[in-house]
Amino acid sequence: MSDDRRAFLRGLVRSAAGQAGAPQEAQPAAAGLSDADVERYARQLVLPEWSEAAQLALREATVLVVGAGALGSPVAAYLAGAGVGRLGIVDADDVEVSNLHRQTLHFTPDLGVPKAQSAAAKLRFLNPEIVVEPYQARFAPAMVEDADLVVDCSDSFATRYEVNAACCAARVALVEGGVTGLAGLVMAIRPGDTACYRCAFPEPPPPGAAPSCAEGGVLGPAAGVIGSLQGLEAIRLLAGLDGALLDAFLHVDLHDHAFLRVAVTRRPGCRDCGAI
Ligand SMILES: [Zn+2]
C-alpha cells in the first residue's frame, strides 16, 4: 500500500469518527492503530458507524465462542476478521463428514481433527494479528470469567441454559442463538440489565418437542444466516453500536423470509438473573 493511500485511509477513519460523534477522549493516542491495522480493517474503519475507538475496543476484547460448528464457524470467522483481539473456541468434538455441509471452518482433510483445533488453525490463517485459544473440552462455567462477551453457538438446550446461567452469574454479556431446519433465533443479553435467555424461555422444550439438527436436519445457509446475525450482535455490543437485540429476540424463518423481533422483559423471579 502506498503512503498516499494509507494517509487517505487514515483521513477517512478520522472523518468517520467525527461524523459518528465519537468523543475525542475515547481515542487513545498512545496505542492507536498501526498502518497494518488501517489496511486490514479499512472497509469497516470507513463506515460512518465505526471509529478508531471501536476498532481498538475490538482489539482489547476477549470473546469466548461456545461451539465450533454451524453457528460457531461464521461467528468466529467474522470476529477474527473484524479484529477481536483474543478469541477462545470451545468444542469437545472431532470433525465428522456430516458436519461439512454447514460448518464452514472445517474441510474434508480435517476429518477426525478436534473441531477446536481445526477452527483455530483457519482463524489464525485468517487473522494472524489476533490470539486464538482452542479449548478441546465441554463448556464449563469457569470459562466465561475472563471473557468480555460470550457467543453461545452450542447445539443443545442443556448447554444453552448452562451458558446463560454462567454468564448471568459472572455478569458477562452474551449473544444466544439457535437454528434447526430453516429457522432460528438470536438474542443479545446484558445480564443484570436486560432480559436473559431464561427470562425469555423459562424452561427448555419438553423432550422430542424441538428436534436437534441430527434429528430434524438443517440447511447450511440457514445456519449461516443465524451465525452471521450472532456475529453482528457481538460486534455491535463490543463496539457500542446502536440497535442491539437487547430485551428482545429475533426469530428468523427462512421458509418465507420472515424476520420477527419479539420484545421480552426481565422476570423478577428468574432462576438465572433474578438475583443479580
Ligand atoms: Zn433472566
# chains A, B, ... in the order shown; residues from 1 in each chain; ligands from 1

$ closest_atom_pairs --of "segment 109-202 of chain A" --to "segment 228-252 of chain A" --cutoff "7 Å" --atoms "only C-alpha atoms" --output "JSON lines"
{"residue": "A:Val175", "atom": "CA", "partner": "A:Gln230", "partner_atom": "CA", "distance": 6.3}
{"residue": "A:Gly177", "atom": "CA", "partner": "A:Gln230", "partner_atom": "CA", "distance": 6.6}
{"residue": "A:Ala183", "atom": "CA", "partner": "A:Val252", "partner_atom": "CA", "distance": 5.5}
{"residue": "A:Gly184", "atom": "CA", "partner": "A:Val252", "partner_atom": "CA", "distance": 5.4}
{"residue": "A:Leu185", "atom": "CA", "partner": "A:His251", "partner_atom": "CA", "distance": 4.4}
{"residue": "A:Val186", "atom": "CA", "partner": "A:Leu250", "partner_atom": "CA", "distance": 5.3}
{"residue": "A:Met187", "atom": "CA", "partner": "A:Phe249", "partner_atom": "CA", "distance": 4.4}
{"residue": "A:Ala188", "atom": "CA", "partner": "A:Leu245", "partner_atom": "CA", "distance": 5.1}
{"residue": "A:Ile189", "atom": "CA", "partner": "A:Leu246", "partner_atom": "CA", "distance": 5.8}
{"residue": "A:Thr194", "atom": "CA", "partner": "A:Asp247", "partner_atom": "CA", "distance": 5.4}
{"residue": "A:Ala195", "atom": "CA", "partner": "A:Asp247", "partner_atom": "CA", "distance": 5.1}

$ residues_near_ligand --ligand "ligand 1" --cutoff "7 Å" --atoms "only C-alpha atoms and all ligand atoms" --output "JSON, numbers by chain"
{"A": [195, 196, 197, 198, 199, 266, 267, 270, 271, 272, 273, 274]}

$ write_last_selection --atoms "C-alpha atoms" --output "PDB file, in the first residue's frame"
ATOM      1  CA  ALA A 195     -33.717  -9.983  29.906  1.00  0.00           C
ATOM      2  CA  CYS A 196     -31.681 -13.184  29.846  1.00  0.00           C
ATOM      3  CA  TYR A 197     -32.359 -16.306  27.791  1.00  0.00           C
ATOM      4  CA  ARG A 198     -34.254 -17.908  30.692  1.00  0.00           C
ATOM      5  CA  CYS A 199     -36.355 -14.743  31.115  1.00  0.00           C
ATOM      6  CA  ARG A 266     -36.775  -9.380  32.754  1.00  0.00           C
ATOM      7  CA  ARG A 267     -38.622 -11.778  35.066  1.00  0.00           C
ATOM      8  CA  CYS A 270     -35.755 -15.624  37.020  1.00  0.00           C
ATOM      9  CA  ARG A 271     -33.644 -18.507  38.276  1.00  0.00           C
ATOM     10  CA  ASP A 272     -30.585 -17.251  36.365  1.00  0.00           C
ATOM     11  CA  CYS A 273     -30.712 -13.449  36.553  1.00  0.00           C
ATOM     12  CA  GLY A 274     -33.356 -12.684  39.190  1.00  0.00           C
TER      13      GLY A 274
END

$ residues_around --residues "Val63 of chain A" --least-positions-apart "5" --cutoff "6 Å" --atoms "only C-alpha atoms" --output "list of chain:residue names"
A:Leu87, A:Ala147, A:Asp148, A:Leu149, A:Val150

$ write_last_selection --atoms "C-alpha atoms" --output "PDB file, in the first residue's frame"
ATOM      1  CA  LEU A  87     -10.827 -15.430  20.742  1.00  0.00           C
ATOM      2  CA  ALA A 147     -14.410 -13.086  28.783  1.00  0.00           C
ATOM      3  CA  ASP A 148     -15.847  -9.693  27.910  1.00  0.00           C
ATOM      4  CA  LEU A 149     -18.507 -11.411  25.847  1.00  0.00           C
ATOM      5  CA  VAL A 150     -19.670 -14.969  25.149  1.00  0.00           C
TER       6      VAL A 150
END

$ select_by_dssp --residues "segment 8-201 of chain A" --states "strand (DSSP E)" --output "number ranges by chain"
A: 62-66, 86-90, 131-135, 149-152, 173-180, 183-189

$ select_by_dssp --residues "segment 36-162 of chain A" --states "alpha helix (DSSP H)" --output "PyMOL selection string"
chain A and resi 36-40+42-45+52-59+72-82+115-126+157-162

$ write_last_selection --atoms "N, CA and C atoms" --output "compact mmCIF listing (two decimals), in the first residue's frame"
# COMPACT_ATOMS: atom_id res chain seq x y z
N ALA A 36 -0.63 -1.33 9.41
CA ALA A 36 -1.15 -2.65 9.00
C ALA A 36 -2.60 -2.82 9.44
N ASP A 37 -2.93 -2.30 10.64
CA ASP A 37 -4.33 -2.36 11.10
C ASP A 37 -5.23 -1.56 10.17
N VAL A 38 -4.78 -0.36 9.83
CA VAL A 38 -5.60 0.51 8.99
C VAL A 38 -5.88 -0.16 7.65
N GLU A 39 -4.86 -0.87 7.13
CA GLU A 39 -5.04 -1.55 5.85
C GLU A 39 -5.98 -2.76 6.01
N ARG A 40 -5.77 -3.56 7.06
CA ARG A 40 -6.56 -4.78 7.25
C ARG A 40 -8.04 -4.47 7.49
N ALA A 42 -9.68 -1.62 6.78
CA ALA A 42 -10.07 -0.41 6.06
C ALA A 42 -11.56 -0.35 5.76
N ARG A 43 -12.15 -1.48 5.35
CA ARG A 43 -13.54 -1.43 4.88
C ARG A 43 -14.54 -1.25 6.02
N GLN A 44 -14.15 -1.59 7.26
CA GLN A 44 -15.06 -1.27 8.36
C GLN A 44 -14.69 0.08 8.98
N LEU A 45 -13.41 0.44 8.92
CA LEU A 45 -12.99 1.72 9.51
C LEU A 45 -13.66 2.91 8.83
N GLU A 52 -12.04 4.68 15.08
CA GLU A 52 -10.80 4.09 15.58
C GLU A 52 -11.03 3.54 17.00
N ALA A 53 -11.84 4.26 17.79
CA ALA A 53 -12.14 3.78 19.14
C ALA A 53 -12.87 2.43 19.10
N ALA A 54 -13.78 2.27 18.15
CA ALA A 54 -14.50 1.00 18.02
C ALA A 54 -13.53 -0.13 17.66
N GLN A 55 -12.61 0.18 16.74
CA GLN A 55 -11.63 -0.83 16.34
C GLN A 55 -10.73 -1.22 17.51
N LEU A 56 -10.32 -0.23 18.29
CA LEU A 56 -9.47 -0.51 19.45
C LEU A 56 -10.25 -1.29 20.52
N ALA A 57 -11.56 -1.03 20.63
CA ALA A 57 -12.38 -1.79 21.59
C ALA A 57 -12.40 -3.26 21.21
N LEU A 58 -12.49 -3.55 19.92
CA LEU A 58 -12.44 -4.94 19.48
C LEU A 58 -11.09 -5.56 19.79
N ARG A 59 -10.03 -4.81 19.52
CA ARG A 59 -8.68 -5.34 19.75
C ARG A 59 -8.46 -5.68 21.22
N GLY A 72 -20.92 -21.50 15.16
CA GLY A 72 -19.60 -21.03 15.60
C GLY A 72 -18.68 -20.70 14.44
N SER A 73 -18.85 -21.38 13.30
CA SER A 73 -17.97 -21.11 12.16
C SER A 73 -18.11 -19.67 11.66
N PRO A 74 -19.31 -19.22 11.28
CA PRO A 74 -19.40 -17.82 10.86
C PRO A 74 -19.12 -16.83 11.98
N VAL A 75 -19.55 -17.14 13.19
CA VAL A 75 -19.30 -16.22 14.31
C VAL A 75 -17.80 -16.01 14.48
N ALA A 76 -17.07 -17.10 14.61
CA ALA A 76 -15.63 -16.99 14.87
C ALA A 76 -14.90 -16.36 13.69
N ALA A 77 -15.30 -16.71 12.47
CA ALA A 77 -14.63 -16.14 11.30
C ALA A 77 -14.84 -14.63 11.23
N TYR A 78 -16.07 -14.18 11.48
CA TYR A 78 -16.33 -12.75 11.39
C TYR A 78 -15.66 -11.98 12.54
N LEU A 79 -15.63 -12.59 13.73
CA LEU A 79 -14.99 -11.89 14.85
C LEU A 79 -13.48 -11.84 14.66
N ALA A 80 -12.91 -12.92 14.15
CA ALA A 80 -11.46 -12.91 13.87
C ALA A 80 -11.16 -11.88 12.78
N GLY A 81 -11.94 -11.91 11.73
CA GLY A 81 -11.71 -10.98 10.63
C GLY A 81 -11.85 -9.53 11.05
N ALA A 82 -12.81 -9.28 11.95
CA ALA A 82 -13.07 -7.91 12.39
C ALA A 82 -12.01 -7.39 13.35
N LYS A 115 -12.48 -30.24 16.59
CA LYS A 115 -13.03 -29.04 15.95
C LYS A 115 -12.38 -27.76 16.48
N ALA A 116 -12.07 -27.73 17.78
CA ALA A 116 -11.46 -26.51 18.34
C ALA A 116 -10.12 -26.24 17.65
N GLN A 117 -9.35 -27.31 17.42
CA GLN A 117 -8.04 -27.15 16.76
C GLN A 117 -8.21 -26.79 15.29
N SER A 118 -9.13 -27.47 14.61
CA SER A 118 -9.38 -27.20 13.19
C SER A 118 -9.81 -25.75 13.00
N ALA A 119 -10.72 -25.30 13.85
CA ALA A 119 -11.20 -23.92 13.74
C ALA A 119 -10.07 -22.93 14.02
N ALA A 120 -9.30 -23.21 15.07
CA ALA A 120 -8.23 -22.27 15.44
C ALA A 120 -7.21 -22.12 14.31
N ALA A 121 -6.91 -23.23 13.63
CA ALA A 121 -5.93 -23.17 12.53
C ALA A 121 -6.43 -22.23 11.43
N LYS A 122 -7.70 -22.34 11.06
CA LYS A 122 -8.25 -21.48 9.99
C LYS A 122 -8.29 -20.02 10.44
N LEU A 123 -8.66 -19.82 11.71
CA LEU A 123 -8.78 -18.44 12.21
C LEU A 123 -7.42 -17.75 12.25
N ARG A 124 -6.38 -18.54 12.55
CA ARG A 124 -5.03 -17.94 12.55
C ARG A 124 -4.57 -17.61 11.14
N PHE A 125 -4.97 -18.41 10.17
CA PHE A 125 -4.69 -18.05 8.78
C PHE A 125 -5.42 -16.76 8.42
N LEU A 126 -6.67 -16.69 8.87
CA LEU A 126 -7.50 -15.53 8.53
C LEU A 126 -6.93 -14.25 9.11
N PHE A 157 -30.09 -27.63 24.20
CA PHE A 157 -30.73 -26.74 25.18
C PHE A 157 -30.03 -26.81 26.52
N ALA A 158 -29.53 -27.98 26.89
CA ALA A 158 -28.85 -28.12 28.19
C ALA A 158 -27.65 -27.17 28.26
N THR A 159 -26.84 -27.15 27.21
CA THR A 159 -25.67 -26.26 27.19
C THR A 159 -26.11 -24.80 27.15
N ARG A 160 -27.17 -24.52 26.38
CA ARG A 160 -27.63 -23.13 26.24
C ARG A 160 -28.02 -22.55 27.61
N TYR A 161 -28.76 -23.33 28.39
CA TYR A 161 -29.15 -22.84 29.72
C TYR A 161 -27.94 -22.77 30.66
N GLU A 162 -27.00 -23.68 30.46
CA GLU A 162 -25.79 -23.66 31.29
C GLU A 162 -24.96 -22.41 30.99
